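Engineer: Next comes upload.tsv, TSV, C-alpha atoms and all ligand atoms:
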```tsv
chain	number	residue	atom	x	y	z
A	1	MET	CA	-62.97	94.14	35.59
A	2	GLU	CA	-62.47	91.96	32.51
A	3	ILE	CA	-63.74	88.48	33.33
A	4	LEU	CA	-63.42	85.20	31.47
A	5	VAL	CA	-66.57	83.09	31.78
A	6	THR	CA	-66.17	79.48	30.68
A	7	GLY	CA	-69.44	77.77	29.81
A	8	GLY	CA	-70.99	81.23	29.53
A	9	ALA	CA	-73.61	80.08	27.01
A	10	GLY	CA	-75.01	77.55	29.50
A	11	TYR	CA	-77.79	77.94	32.03
A	12	ILE	CA	-75.93	79.40	35.01
A	13	GLY	CA	-73.17	81.01	32.93
A	14	SER	CA	-75.55	83.01	30.73
A	15	HIS	CA	-77.47	84.44	33.70
A	16	THR	CA	-74.18	85.26	35.40
A	17	CYS	CA	-73.03	87.11	32.27
A	18	ILE	CA	-76.12	89.32	32.64
A	19	ALA	CA	-75.33	90.05	36.29
A	20	LEU	CA	-71.66	90.78	35.51
A	21	LEU	CA	-72.47	93.09	32.60
A	22	GLU	CA	-75.13	94.89	34.64
A	23	ALA	CA	-72.57	95.42	37.41
A	24	GLY	CA	-70.33	97.18	34.85
A	25	HIS	CA	-67.80	94.41	34.15
A	26	SER	CA	-66.71	93.31	30.71
A	27	VAL	CA	-67.18	89.67	29.80
A	28	VAL	CA	-65.39	87.23	27.51
A	29	VAL	CA	-67.10	83.86	27.02
A	30	VAL	CA	-65.54	80.57	25.97
A	31	ASP	CA	-67.88	77.68	25.27
A	32	ASP	CA	-67.85	74.84	22.75
A	33	LEU	CA	-71.69	74.80	22.74
A	34	ARG	CA	-71.89	71.08	23.49
A	35	ASN	CA	-74.85	71.81	25.75
A	36	SER	CA	-75.96	75.28	24.64
A	37	ARG	CA	-76.48	77.52	21.64
A	38	ALA	CA	-74.71	80.58	20.26
A	39	GLU	CA	-78.01	82.50	20.16
A	40	ILE	CA	-77.95	82.59	23.98
A	41	ILE	CA	-75.00	84.97	23.81
A	42	GLU	CA	-76.95	87.24	21.45
A	43	LYS	CA	-79.90	87.19	23.84
A	44	VAL	CA	-77.69	88.18	26.76
A	45	GLU	CA	-76.40	91.06	24.63
A	46	ARG	CA	-79.99	92.05	23.81
A	47	ILE	CA	-81.03	92.00	27.47
A	48	THR	CA	-78.04	93.99	28.70
A	49	LYS	CA	-77.42	96.10	25.56
A	50	LYS	CA	-73.74	95.26	25.99
A	51	LYS	CA	-71.29	93.25	23.90
A	52	ILE	CA	-69.66	89.95	24.78
A	53	GLN	CA	-66.58	88.62	23.08
A	54	PHE	CA	-67.20	84.94	22.34
A	55	TYR	CA	-64.72	82.16	21.55
A	56	LEU	CA	-66.01	78.80	20.34
A	57	ILE	CA	-63.42	76.56	22.00
A	58	ASP	CA	-63.14	73.47	24.14
A	59	VAL	CA	-61.59	74.38	27.50
A	60	THR	CA	-59.67	71.11	27.55
A	61	ASN	CA	-57.73	72.40	24.52
A	62	GLU	CA	-54.76	74.03	26.24
A	63	VAL	CA	-53.41	75.68	23.10
A	64	ALA	CA	-56.75	77.35	22.39
A	65	VAL	CA	-57.12	78.48	26.02
A	66	ASN	CA	-53.61	79.99	25.94
A	67	GLU	CA	-54.50	81.91	22.81
A	68	VAL	CA	-57.58	83.44	24.44
A	69	PHE	CA	-55.54	84.53	27.48
A	70	SER	CA	-52.88	86.05	25.25
A	71	ASN	CA	-55.52	88.32	23.68
A	72	HIS	CA	-56.78	89.73	27.00
A	73	SER	CA	-55.72	90.82	30.51
A	74	PHE	CA	-58.26	89.04	32.62
A	75	ASP	CA	-58.85	90.10	36.22
A	76	GLY	CA	-60.48	86.77	36.94
A	77	VAL	CA	-62.02	83.57	35.63
A	78	ILE	CA	-65.38	82.00	36.44
A	79	HIS	CA	-65.29	78.36	35.45
A	80	PHE	CA	-68.75	76.97	34.66
A	81	ALA	CA	-67.86	74.73	31.71
A	82	GLY	CA	-68.47	71.12	32.58
A	83	LEU	CA	-70.72	68.13	32.22
A	84	LYS	CA	-73.46	68.00	34.84
A	85	ALA	CA	-75.84	65.05	34.41
A	86	VAL	CA	-75.48	62.81	37.46
A	87	GLY	CA	-77.02	59.68	35.88
A	88	GLU	CA	-75.01	60.07	32.67
A	89	SER	CA	-71.81	60.36	34.71
A	90	VAL	CA	-72.37	56.86	36.09
A	91	ASN	CA	-72.41	55.44	32.55
A	92	GLN	CA	-69.71	57.73	31.11
A	93	PRO	CA	-67.25	58.19	33.97
A	94	LEU	CA	-64.24	58.86	31.76
A	95	ASP	CA	-65.96	61.69	29.90
A	96	TYR	CA	-66.88	63.30	33.21
A	97	TYR	CA	-63.49	62.90	34.88
A	98	TYR	CA	-61.72	64.08	31.76
A	99	ASN	CA	-63.84	67.09	30.91
A	100	ASN	CA	-64.51	68.40	34.41
A	101	ILE	CA	-61.06	67.88	35.90
A	102	VAL	CA	-58.79	68.51	32.92
A	103	SER	CA	-60.64	71.76	32.15
A	104	THR	CA	-60.06	72.97	35.72
A	105	MET	CA	-56.37	72.04	35.63
A	106	ILE	CA	-55.74	73.70	32.28
A	107	LEU	CA	-57.51	76.90	33.27
A	108	ALA	CA	-55.64	77.09	36.58
A	109	LYS	CA	-52.34	76.47	34.82
A	110	VAL	CA	-52.99	79.14	32.21
A	111	CYS	CA	-54.16	81.59	34.92
A	112	LYS	CA	-50.83	81.12	36.66
A	113	LYS	CA	-48.91	81.60	33.42
A	114	TYR	CA	-50.68	84.87	32.64
A	115	GLY	CA	-50.77	86.18	36.23
A	116	VAL	CA	-54.57	85.94	36.58
A	117	LYS	CA	-55.12	85.89	40.32
A	118	LYS	CA	-58.79	85.13	40.80
A	119	PHE	CA	-60.54	81.83	40.09
A	120	VAL	CA	-64.22	81.23	40.85
A	121	PHE	CA	-65.33	77.63	40.57
A	122	SER	CA	-68.81	76.07	40.18
A	123	SER	CA	-69.16	73.34	42.75
A	124	SER	CA	-72.24	71.66	44.08
A	125	ALA	CA	-74.05	70.74	47.28
A	126	THR	CA	-73.58	67.15	46.13
A	127	VAL	CA	-70.08	67.23	47.71
A	128	TYR	CA	-71.73	67.09	51.17
A	129	GLY	CA	-73.01	63.58	50.46
A	130	GLU	CA	-75.19	62.32	53.28
A	131	ASN	CA	-74.07	64.78	55.93
A	132	LYS	CA	-76.68	66.12	58.34
A	133	VAL	CA	-78.64	69.17	57.14
A	134	PRO	CA	-78.17	72.09	57.07
A	135	PHE	CA	-74.92	71.70	55.17
A	136	ILE	CA	-72.16	74.03	56.32
A	137	GLU	CA	-68.86	74.76	54.57
A	138	THR	CA	-66.72	73.39	57.42
A	139	MET	CA	-68.23	69.88	57.21
A	140	GLU	CA	-66.01	67.02	56.22
A	141	LEU	CA	-67.03	65.94	52.72
A	142	LEU	CA	-68.58	62.50	52.43
A	143	PRO	CA	-68.32	60.29	49.36
A	144	THR	CA	-70.76	61.23	46.63
A	145	THR	CA	-72.54	58.38	44.88
A	146	ASN	CA	-71.46	59.22	41.32
A	147	PRO	CA	-68.51	60.34	39.16
A	148	TYR	CA	-70.04	63.80	38.64
A	149	GLY	CA	-69.90	64.50	42.37
A	150	GLU	CA	-66.36	63.15	42.55
A	151	THR	CA	-65.23	65.58	39.81
A	152	LYS	CA	-66.45	68.45	41.98
A	153	VAL	CA	-64.66	67.13	45.08
A	154	MET	CA	-61.43	66.61	43.12
A	155	SER	CA	-61.56	70.00	41.39
A	156	GLU	CA	-62.09	71.70	44.76
A	157	ARG	CA	-59.01	69.91	46.14
A	158	ILE	CA	-56.83	70.79	43.16
A	159	LEU	CA	-57.73	74.47	43.50
A	160	ALA	CA	-57.23	74.46	47.28
A	161	ASP	CA	-53.77	72.91	46.82
A	162	LEU	CA	-52.84	75.64	44.36
A	163	ALA	CA	-54.06	78.38	46.69
A	164	ARG	CA	-52.02	76.84	49.50
A	165	ILE	CA	-48.70	77.21	47.68
A	166	ASP	CA	-49.44	80.68	46.31
A	167	GLU	CA	-51.35	82.97	48.65
A	168	SER	CA	-51.83	85.59	45.98
A	169	PHE	CA	-53.87	83.07	43.95
A	170	SER	CA	-57.42	83.56	45.16
A	171	VAL	CA	-59.83	80.68	44.75
A	172	VAL	CA	-63.55	80.94	45.47
A	173	VAL	CA	-65.46	77.68	45.42
A	174	LEU	CA	-69.21	78.20	45.20
A	175	ARG	CA	-71.35	75.25	46.22
A	176	TYR	CA	-74.69	75.65	44.51
A	177	PHE	CA	-77.87	74.18	45.90
A	178	ASN	CA	-80.75	73.80	43.39
A	179	PRO	CA	-80.74	76.60	40.81
A	180	VAL	CA	-84.14	77.14	39.16
A	181	GLY	CA	-86.06	79.88	37.36
A	182	ALA	CA	-85.09	82.16	34.53
A	183	HIS	CA	-84.34	85.79	33.73
A	184	THR	CA	-87.52	87.90	33.93
A	185	SER	CA	-87.23	88.78	30.21
A	186	GLY	CA	-88.26	85.19	29.41
A	187	LEU	CA	-85.51	85.20	26.78
A	188	ILE	CA	-83.12	82.82	28.51
A	189	GLY	CA	-83.63	79.97	30.96
A	190	GLU	CA	-82.84	76.32	31.46
A	191	LEU	CA	-83.02	74.29	28.26
A	192	PRO	CA	-82.81	70.60	29.18
A	193	ASN	CA	-82.05	68.11	26.44
A	194	GLY	CA	-84.94	65.64	26.05
A	195	ILE	CA	-86.99	64.68	29.10
A	196	PRO	CA	-85.78	66.74	32.07
A	197	ASN	CA	-84.05	64.99	34.99
A	198	ASN	CA	-84.62	67.88	37.36
A	199	LEU	CA	-87.84	68.64	39.15
A	200	MET	CA	-88.59	72.25	38.16
A	201	PRO	CA	-88.19	71.87	34.38
A	202	TYR	CA	-90.19	68.63	34.60
A	203	ILE	CA	-93.04	70.43	36.41
A	204	ALA	CA	-92.93	73.20	33.77
A	205	GLN	CA	-93.31	70.65	30.96
A	206	VAL	CA	-96.19	68.93	32.74
A	207	ALA	CA	-97.88	72.32	33.19
A	208	ASP	CA	-97.38	72.89	29.47
A	209	LYS	CA	-98.92	69.47	28.70
A	210	GLU	CA	-95.71	68.29	27.03
A	211	LEU	CA	-95.61	65.53	29.66
A	212	ASP	CA	-98.66	63.80	31.18
A	213	ASN	CA	-97.81	63.85	34.86
A	214	LEU	CA	-95.00	64.25	37.33
A	215	LYS	CA	-93.53	61.10	38.84
A	216	ILE	CA	-92.62	61.86	42.44
A	217	TYR	CA	-89.65	59.74	43.45
A	218	GLY	CA	-90.68	58.43	46.85
A	219	ASN	CA	-93.15	59.55	49.51
A	220	ASP	CA	-91.59	57.66	52.38
A	221	TYR	CA	-88.62	59.91	53.22
A	222	PRO	CA	-88.30	61.16	56.80
A	223	THR	CA	-89.34	64.68	55.72
A	224	ILE	CA	-92.28	67.00	56.35
A	225	ASP	CA	-94.56	65.14	53.89
A	226	GLY	CA	-92.47	62.13	52.85
A	227	THR	CA	-91.14	63.69	49.63
A	228	GLY	CA	-87.56	64.85	49.04
A	229	VAL	CA	-86.50	68.25	50.35
A	230	ARG	CA	-84.17	70.62	48.47
A	231	ASP	CA	-82.95	74.21	48.70
A	232	TYR	CA	-84.22	75.87	45.49
A	233	ILE	CA	-82.50	79.11	44.58
A	234	HIS	CA	-83.45	81.61	41.88
A	235	ILE	CA	-80.91	81.63	39.07
A	236	MET	CA	-80.51	85.44	39.22
A	237	ASP	CA	-79.75	85.31	42.96
A	238	LEU	CA	-77.14	82.69	42.18
A	239	ALA	CA	-75.76	84.84	39.35
A	240	GLU	CA	-75.44	87.84	41.66
A	241	GLY	CA	-73.50	85.70	44.13
A	242	HIS	CA	-70.84	85.24	41.46
A	243	VAL	CA	-70.48	88.98	40.94
A	244	LEU	CA	-69.86	89.53	44.66
A	245	ALA	CA	-67.49	86.56	44.80
A	246	MET	CA	-65.52	88.04	41.93
A	247	GLU	CA	-65.48	91.58	43.31
A	248	LYS	CA	-64.45	90.62	46.81
A	249	VAL	CA	-60.71	90.19	47.13
A	250	VAL	CA	-60.10	87.12	49.24
A	251	GLU	CA	-56.78	85.41	49.70
A	252	GLY	CA	-56.30	81.67	49.60
A	253	ALA	CA	-59.07	79.15	49.11
A	254	ASN	CA	-62.58	80.13	50.12
A	255	ILE	CA	-65.77	78.13	50.02
A	256	TYR	CA	-69.32	79.48	50.09
A	257	ASN	CA	-72.71	77.81	49.97
A	258	LEU	CA	-75.12	79.55	47.61
A	259	GLY	CA	-78.65	78.61	48.61
A	260	THR	CA	-81.58	80.17	50.43
A	261	GLY	CA	-81.22	78.09	53.58
A	262	ILE	CA	-84.84	76.98	53.16
A	263	GLY	CA	-85.82	73.38	52.49
A	264	THR	CA	-88.80	72.79	50.19
A	265	SER	CA	-90.41	69.40	49.57
A	266	VAL	CA	-91.55	68.16	46.16
A	267	LEU	CA	-95.19	68.63	47.21
A	268	GLN	CA	-94.47	72.14	48.48
A	269	LEU	CA	-92.83	73.04	45.16
A	270	ILE	CA	-95.83	71.71	43.25
A	271	GLY	CA	-98.08	73.81	45.51
A	272	ALA	CA	-96.00	76.95	44.86
A	273	PHE	CA	-96.02	76.32	41.10
A	274	GLU	CA	-99.81	75.87	41.09
A	275	LYS	CA	-100.24	79.08	43.10
A	276	ALA	CA	-97.87	81.05	40.85
A	277	THR	CA	-99.47	79.92	37.59
A	278	GLY	CA	-103.06	78.95	38.45
A	279	LEU	CA	-102.42	75.56	36.76
A	280	LYS	CA	-102.89	72.07	38.13
A	281	ILE	CA	-99.90	69.70	38.16
A	282	PRO	CA	-101.02	66.06	38.05
A	283	TYR	CA	-98.63	63.67	39.77
A	284	ILE	CA	-98.18	60.05	40.80
A	285	TYR	CA	-95.85	58.48	43.34
A	286	VAL	CA	-93.20	56.07	42.12
A	287	LYS	CA	-90.28	54.44	43.92
A	288	ARG	CA	-87.28	56.39	45.15
A	289	ARG	CA	-84.65	57.42	42.58
A	290	PRO	CA	-81.34	55.64	43.28
A	291	GLY	CA	-78.72	57.96	44.77
A	292	ASP	CA	-81.24	60.55	46.05
A	293	ILE	CA	-80.93	61.81	49.62
A	294	ALA	CA	-83.91	62.82	51.79
A	295	GLU	CA	-82.94	66.41	52.51
A	296	CYS	CA	-80.47	68.94	51.19
A	297	TYR	CA	-80.38	72.56	52.29
A	298	ALA	CA	-77.71	75.08	53.14
A	299	ASN	CA	-76.45	77.03	56.05
A	300	VAL	CA	-75.93	80.36	54.26
A	301	ASN	CA	-74.38	82.47	57.01
A	302	LYS	CA	-70.88	82.55	55.57
A	303	ALA	CA	-71.88	84.06	52.20
A	304	LYS	CA	-74.02	86.59	54.05
A	305	GLU	CA	-71.27	87.64	56.43
A	306	GLU	CA	-68.31	87.59	54.06
A	307	LEU	CA	-69.78	88.35	50.63
A	308	ASN	CA	-72.74	90.40	51.85
A	309	TRP	CA	-74.91	88.15	49.70
A	310	VAL	CA	-78.36	86.75	50.42
A	311	ALA	CA	-80.87	85.15	48.06
A	312	LYS	CA	-83.75	87.62	47.73
A	313	ARG	CA	-86.21	86.04	45.32
A	314	SER	CA	-89.12	83.90	46.59
A	315	LEU	CA	-90.24	80.43	45.60
A	316	ILE	CA	-93.24	82.00	43.84
A	317	GLU	CA	-90.90	84.16	41.74
A	318	MET	CA	-88.83	81.07	40.88
A	319	CYS	CA	-91.99	79.31	39.63
A	320	ARG	CA	-93.39	82.34	37.82
A	321	ASP	CA	-90.13	83.01	35.98
A	322	THR	CA	-89.76	79.32	35.06
A	323	TRP	CA	-93.26	79.37	33.60
A	324	ARG	CA	-92.71	82.61	31.66
A	325	PHE	CA	-89.65	81.08	30.01
A	326	GLN	CA	-91.48	77.80	29.32
A	327	ILE	CA	-94.30	79.51	27.45
A	328	SER	CA	-91.94	81.83	25.60
A	329	GLN	CA	-90.28	78.72	24.17
A	330	ASN	CA	-93.65	77.58	22.84
A	331	LYS	CA	-94.39	80.89	21.19
A	332	LYS	CA	-91.07	80.63	19.41
A	333	SER	CA	-91.76	77.14	18.10
A	334	ASP	CA	-95.26	78.21	16.94
A	335	LEU	CA	-93.78	80.85	14.62
B	401	LIG	P1	-74.90	73.91	31.31
B	401	LIG	O1	-74.69	72.59	30.68
B	401	LIG	O2	-76.14	74.64	30.99
B	401	LIG	O3	-73.66	74.86	31.02
B	401	LIG	C1	-72.35	74.37	30.89
B	401	LIG	C2	-71.75	74.98	29.64
B	401	LIG	O4	-70.42	74.53	29.50
B	401	LIG	C3	-72.49	74.58	28.36
B	401	LIG	O5	-72.77	75.75	27.61
B	401	LIG	C4	-71.51	73.66	27.63
B	401	LIG	O6	-71.63	73.78	26.24
B	401	LIG	C5	-70.17	74.17	28.15
B	401	LIG	N1	-69.09	73.19	28.17
B	401	LIG	C6	-69.06	71.96	28.74
B	401	LIG	N2	-67.85	71.41	28.58
B	401	LIG	C7	-67.09	72.30	27.89
B	401	LIG	C8	-65.75	72.32	27.44
B	401	LIG	N3	-64.91	71.30	27.63
B	401	LIG	N4	-65.32	73.41	26.77
B	401	LIG	C9	-66.13	74.45	26.55
B	401	LIG	N5	-67.40	74.51	26.96
B	401	LIG	C10	-67.87	73.44	27.63
B	401	LIG	O7	-74.76	73.70	32.90
B	401	LIG	P2	-75.12	74.70	34.09
B	401	LIG	O8	-76.34	74.21	34.77
B	401	LIG	O9	-75.06	76.10	33.62
B	401	LIG	O10	-73.91	74.39	35.07
B	401	LIG	C11	-72.73	75.18	35.08
B	401	LIG	C12	-71.77	74.62	36.12
B	401	LIG	O11	-72.41	74.60	37.39
B	401	LIG	C13	-71.33	73.18	35.84
B	401	LIG	O12	-69.97	73.05	36.19
B	401	LIG	C14	-72.21	72.36	36.77
B	401	LIG	O13	-71.60	71.16	37.14
B	401	LIG	C15	-72.33	73.31	37.95
B	401	LIG	N6	-73.53	73.05	38.78
B	401	LIG	C16	-74.77	73.08	38.19
B	401	LIG	C17	-75.91	72.84	38.95
B	401	LIG	C18	-77.30	72.85	38.33
B	401	LIG	O14	-78.23	72.39	38.98
B	401	LIG	N7	-77.49	73.38	37.13
B	401	LIG	C19	-75.78	72.57	40.32
B	401	LIG	C20	-74.50	72.55	40.89
B	401	LIG	C21	-73.38	72.81	40.10
B	402	LIG	N1	-87.88	64.60	41.75
B	402	LIG	C1	-89.07	63.96	41.51
B	402	LIG	N2	-89.46	63.74	40.21
B	402	LIG	C2	-88.72	64.17	39.15
B	402	LIG	C3	-87.49	64.84	39.40
B	402	LIG	C4	-87.10	65.03	40.72
B	402	LIG	O1	-89.77	63.55	42.44
B	402	LIG	O2	-89.11	63.95	38.00
B	402	LIG	C5	-87.45	64.87	43.15
B	402	LIG	C6	-86.12	64.24	43.52
B	402	LIG	O3	-86.31	62.94	44.03
B	402	LIG	C7	-85.61	65.23	44.59
B	402	LIG	C8	-86.19	66.57	44.15
B	402	LIG	O4	-87.29	66.26	43.29
B	402	LIG	O5	-86.17	64.91	45.86
B	402	LIG	C9	-85.19	67.44	43.38
B	402	LIG	O6	-84.64	66.67	42.32
B	402	LIG	P1	-83.67	67.34	41.24
B	402	LIG	O7	-83.25	66.26	40.30
B	402	LIG	O8	-84.31	68.56	40.66
B	402	LIG	O9	-82.43	67.85	42.11
B	402	LIG	P2	-81.32	67.02	42.93
B	402	LIG	O10	-81.92	65.72	43.34
B	402	LIG	O11	-80.19	66.88	42.00
B	402	LIG	O12	-81.00	67.86	44.10
```
Using the file provided, produce a representation of the structure as structure tokens.
Ligand code: NAD
Ligand code: UDP
Structural biologist:
Amino acid sequence: MEILVTGGAGYIGSHTCIALLEAGHSVVVVDDLRNSRAEIIEKVERITKKKIQFYLIDVTNEVAVNEVFSNHSFDGVIHFAGLKAVGESVNQPLDYYYNNIVSTMILAKVCKKYGVKKFVFSSSATVYGENKVPFIETMELLPTTNPYGETKVMSERILADLARIDESFSVVVLRYFNPVGAHTSGLIGELPNGIPNNLMPYIAQVADKELDNLKIYGNDYPTIDGTGVRDYIHIMDLAEGHVLAMEKVVEGANIYNLGTGIGTSVLQLIGAFEKATGLKIPYIYVKRRPGDIAECYANVNKAKEELNWVAKRSLIEMCRDTWRFQISQNKKSDL
């Protein structure tokens, strides 16, 4: 299949390009590199020994998107391009609503115009709000606490409405839990701008002595050890979920959780990282981070039954691969 990957130079998109190319598909990437670098595409080509056609465009530019579609006959689109920083979305709501929703609408519109029948969308576990864990696809969505989460809820609704009026338009909404780790080559991984917001990249930078210690946001949650619980999933497992979602022909709107189904606390993740690397992670407790929920993990039965997908990689592999990428970044900057 020929697949358009928007945001393909980003963290999840680049790993998904590897999985798609390795499964024998051809890949066209559009990305305006606002949160990534062109060299990532070259690295994906190096890893897979396959070529990617790359367009440097903004997906909210309808004319440019039309031009890309007119040059190809896509079998499907995977739409990763978007802004994703929860805290930033509170301060820049318009940027988030505009970029994340307009991009989805333009892509869907252009898909319809060019007869592209398959649309895979990056959603997030954040749409479950404060539902009771484990989160299951049939749950009613509860309000999220930030504009980022709202853009995911709204994009899901727009796509579901389109699938409702045209059964041949197949929409697959993938709700990601907490993607972590990196490709085993150590060539690509998550590259946060500045001080990381997310736990795993923060731990990696503490291990690397770029940061002094980890601040654990709260130890008074009603969880196994008082720290927040999340469902961490290896980025390559997540990537492979996209390949299966794309290959499986499903009519109408479909939603799948992509997680492991296992909840891990902050202290448990620190323990796994220390075991995987032999390094000590110093930490202190600080107050809860506003907007955080106590627990978030998936019921993953639907993806298993319908997509034949399960996450295979362990927490130790997630930590080991994160660390390999972290130190490979250092080697590069030493040169
Ligand atoms: P990322 O920032 O690494 O990748 C997004 C890519 O999209 C970047 O390369 C960026 O340059 C590009 N982009 C953004 N707006 C664009 C536009 N208008 N036109 C063209 N390119 C544009 O983020 P990621 O972690 O790979 O996330 C990918 C998708 O998955 C996002 O939609 C995000 O909201 C969603 N998601 C991510 C997580 C996570 O923890 N990383 C969790 C749930 C959902
Ligand atoms: N967390 C933490 N310190 C950090 C970053 C995160 O204690 O520097 C905690 C956070 O409170 C949550 C968990 O780690 O319980 C995962 O946070 P992350 O931001 O990675 O994911 P999200 O909260 O978006 O699911």
Engineer: State, in Å with one decimal place, the distance from atom CA of A:Val300 to atom CA of A:Cys17.
Structural biologist: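 Between atom CA of A:Val300 and atom CA of A:Cys17 the gap is 23.2 Å.
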Engineer: Residues near A:Thr16, anyone? I mean within 8 Å using only C-alpha atoms, not counting same-chain ones fewer than 6 positions away, as a VMD selection string.
Structural biologist: chain A and resid 8 236 238 to 240 242 to 243
Engineer: Using 10 Å as the limit and counting all atoms listed in the file, can you tabulate each residue of chain A that touches ligand LIG 402 (chain B), with its shortest atom-to-atom distance in Å and the two atoms involved, as JSON lines?
Structural biologist:
```
{"residue": "A:Lys84", "atom": "CA", "partner": "B:LIG402", "partner_atom": "O11", "distance": 9.9}
{"residue": "A:Ala85", "atom": "CA", "partner": "B:LIG402", "partner_atom": "O11", "distance": 8.9}
{"residue": "A:Val86", "atom": "CA", "partner": "B:LIG402", "partner_atom": "O11", "distance": 7.7}
{"residue": "A:Gly87", "atom": "CA", "partner": "B:LIG402", "partner_atom": "O11", "distance": 10.0}
{"residue": "A:Ser124", "atom": "CA", "partner": "B:LIG402", "partner_atom": "O11", "distance": 9.5}
{"residue": "A:Ala125", "atom": "CA", "partner": "B:LIG402", "partner_atom": "O12", "distance": 8.2}
{"residue": "A:Thr126", "atom": "CA", "partner": "B:LIG402", "partner_atom": "O12", "distance": 7.7}
{"residue": "A:Phe177", "atom": "CA", "partner": "B:LIG402", "partner_atom": "O12", "distance": 7.3}
{"residue": "A:Asn178", "atom": "CA", "partner": "B:LIG402", "partner_atom": "O12", "distance": 6.0}
{"residue": "A:Pro179", "atom": "CA", "partner": "B:LIG402", "partner_atom": "O8", "distance": 8.8}
{"residue": "A:Val180", "atom": "CA", "partner": "B:LIG402", "partner_atom": "O8", "distance": 8.7}
{"residue": "A:Ile195", "atom": "CA", "partner": "B:LIG402", "partner_atom": "O2", "distance": 9.2}
{"residue": "A:Pro196", "atom": "CA", "partner": "B:LIG402", "partner_atom": "O2", "distance": 7.4}
{"residue": "A:Asn197", "atom": "CA", "partner": "B:LIG402", "partner_atom": "O7", "distance": 5.5}
{"residue": "A:Asn198", "atom": "CA", "partner": "B:LIG402", "partner_atom": "O8", "distance": 3.4}
{"residue": "A:Leu199", "atom": "CA", "partner": "B:LIG402", "partner_atom": "C3", "distance": 3.8}
{"residue": "A:Met200", "atom": "CA", "partner": "B:LIG402", "partner_atom": "O8", "distance": 6.2}
{"residue": "A:Pro201", "atom": "CA", "partner": "B:LIG402", "partner_atom": "O8", "distance": 8.1}
{"residue": "A:Tyr202", "atom": "CA", "partner": "B:LIG402", "partner_atom": "O2", "distance": 5.9}
{"residue": "A:Ile203", "atom": "CA", "partner": "B:LIG402", "partner_atom": "O2", "distance": 7.7}
{"residue": "A:Asn213", "atom": "CA", "partner": "B:LIG402", "partner_atom": "O2", "distance": 9.2}
{"residue": "A:Leu214", "atom": "CA", "partner": "B:LIG402", "partner_atom": "O2", "distance": 5.9}
{"residue": "A:Lys215", "atom": "CA", "partner": "B:LIG402", "partner_atom": "N2", "distance": 5.0}
{"residue": "A:Ile216", "atom": "CA", "partner": "B:LIG402", "partner_atom": "O1", "distance": 3.3}
{"residue": "A:Tyr217", "atom": "CA", "partner": "B:LIG402", "partner_atom": "O1", "distance": 3.9}
{"residue": "A:Gly218", "atom": "CA", "partner": "B:LIG402", "partner_atom": "O1", "distance": 6.8}
{"residue": "A:Asn219", "atom": "CA", "partner": "B:LIG402", "partner_atom": "O1", "distance": 8.8}
{"residue": "A:Tyr221", "atom": "CA", "partner": "B:LIG402", "partner_atom": "O5", "distance": 9.2}
{"residue": "A:Gly226", "atom": "CA", "partner": "B:LIG402", "partner_atom": "O5", "distance": 9.8}
{"residue": "A:Thr227", "atom": "CA", "partner": "B:LIG402", "partner_atom": "O5", "distance": 6.4}
{"residue": "A:Gly228", "atom": "CA", "partner": "B:LIG402", "partner_atom": "O5", "distance": 3.5}
{"residue": "A:Val229", "atom": "CA", "partner": "B:LIG402", "partner_atom": "O5", "distance": 5.6}
{"residue": "A:Arg230", "atom": "CA", "partner": "B:LIG402", "partner_atom": "O12", "distance": 6.1}
{"residue": "A:Asp231", "atom": "CA", "partner": "B:LIG402", "partner_atom": "O12", "distance": 8.1}
{"residue": "A:Tyr232", "atom": "CA", "partner": "B:LIG402", "partner_atom": "C9", "distance": 8.7}
{"residue": "A:Thr264", "atom": "CA", "partner": "B:LIG402", "partner_atom": "C8", "distance": 9.1}
{"residue": "A:Ser265", "atom": "CA", "partner": "B:LIG402", "partner_atom": "O5", "distance": 7.2}
{"residue": "A:Val266", "atom": "CA", "partner": "B:LIG402", "partner_atom": "O4", "distance": 5.5}
{"residue": "A:Leu267", "atom": "CA", "partner": "B:LIG402", "partner_atom": "O1", "distance": 8.8}
{"residue": "A:Leu269", "atom": "CA", "partner": "B:LIG402", "partner_atom": "O4", "distance": 9.0}
{"residue": "A:Tyr283", "atom": "CA", "partner": "B:LIG402", "partner_atom": "N2", "distance": 9.2}
{"residue": "A:Ile284", "atom": "CA", "partner": "B:LIG402", "partner_atom": "O1", "distance": 9.3}
{"residue": "A:Tyr285", "atom": "CA", "partner": "B:LIG402", "partner_atom": "O1", "distance": 8.0}
{"residue": "A:Val286", "atom": "CA", "partner": "B:LIG402", "partner_atom": "O1", "distance": 8.2}
{"residue": "A:Lys287", "atom": "CA", "partner": "B:LIG402", "partner_atom": "O1", "distance": 9.2}
{"residue": "A:Arg288", "atom": "CA", "partner": "B:LIG402", "partner_atom": "O3", "distance": 6.7}
{"residue": "A:Arg289", "atom": "CA", "partner": "B:LIG402", "partner_atom": "O3", "distance": 5.9}
{"residue": "A:Pro290", "atom": "CA", "partner": "B:LIG402", "partner_atom": "O3", "distance": 8.9}
{"residue": "A:Gly291", "atom": "CA", "partner": "B:LIG402", "partner_atom": "O10", "distance": 8.5}
{"residue": "A:Asp292", "atom": "CA", "partner": "B:LIG402", "partner_atom": "O10", "distance": 5.9}
{"residue": "A:Ile293", "atom": "CA", "partner": "B:LIG402", "partner_atom": "O5", "distance": 7.2}
{"residue": "A:Ala294", "atom": "CA", "partner": "B:LIG402", "partner_atom": "O5", "distance": 6.7}
{"residue": "A:Glu295", "atom": "CA", "partner": "B:LIG402", "partner_atom": "O5", "distance": 7.5}
{"residue": "A:Cys296", "atom": "CA", "partner": "B:LIG402", "partner_atom": "O12", "distance": 7.2}
{"residue": "A:Tyr297", "atom": "CA", "partner": "B:LIG402", "partner_atom": "O12", "distance": 9.5}
```
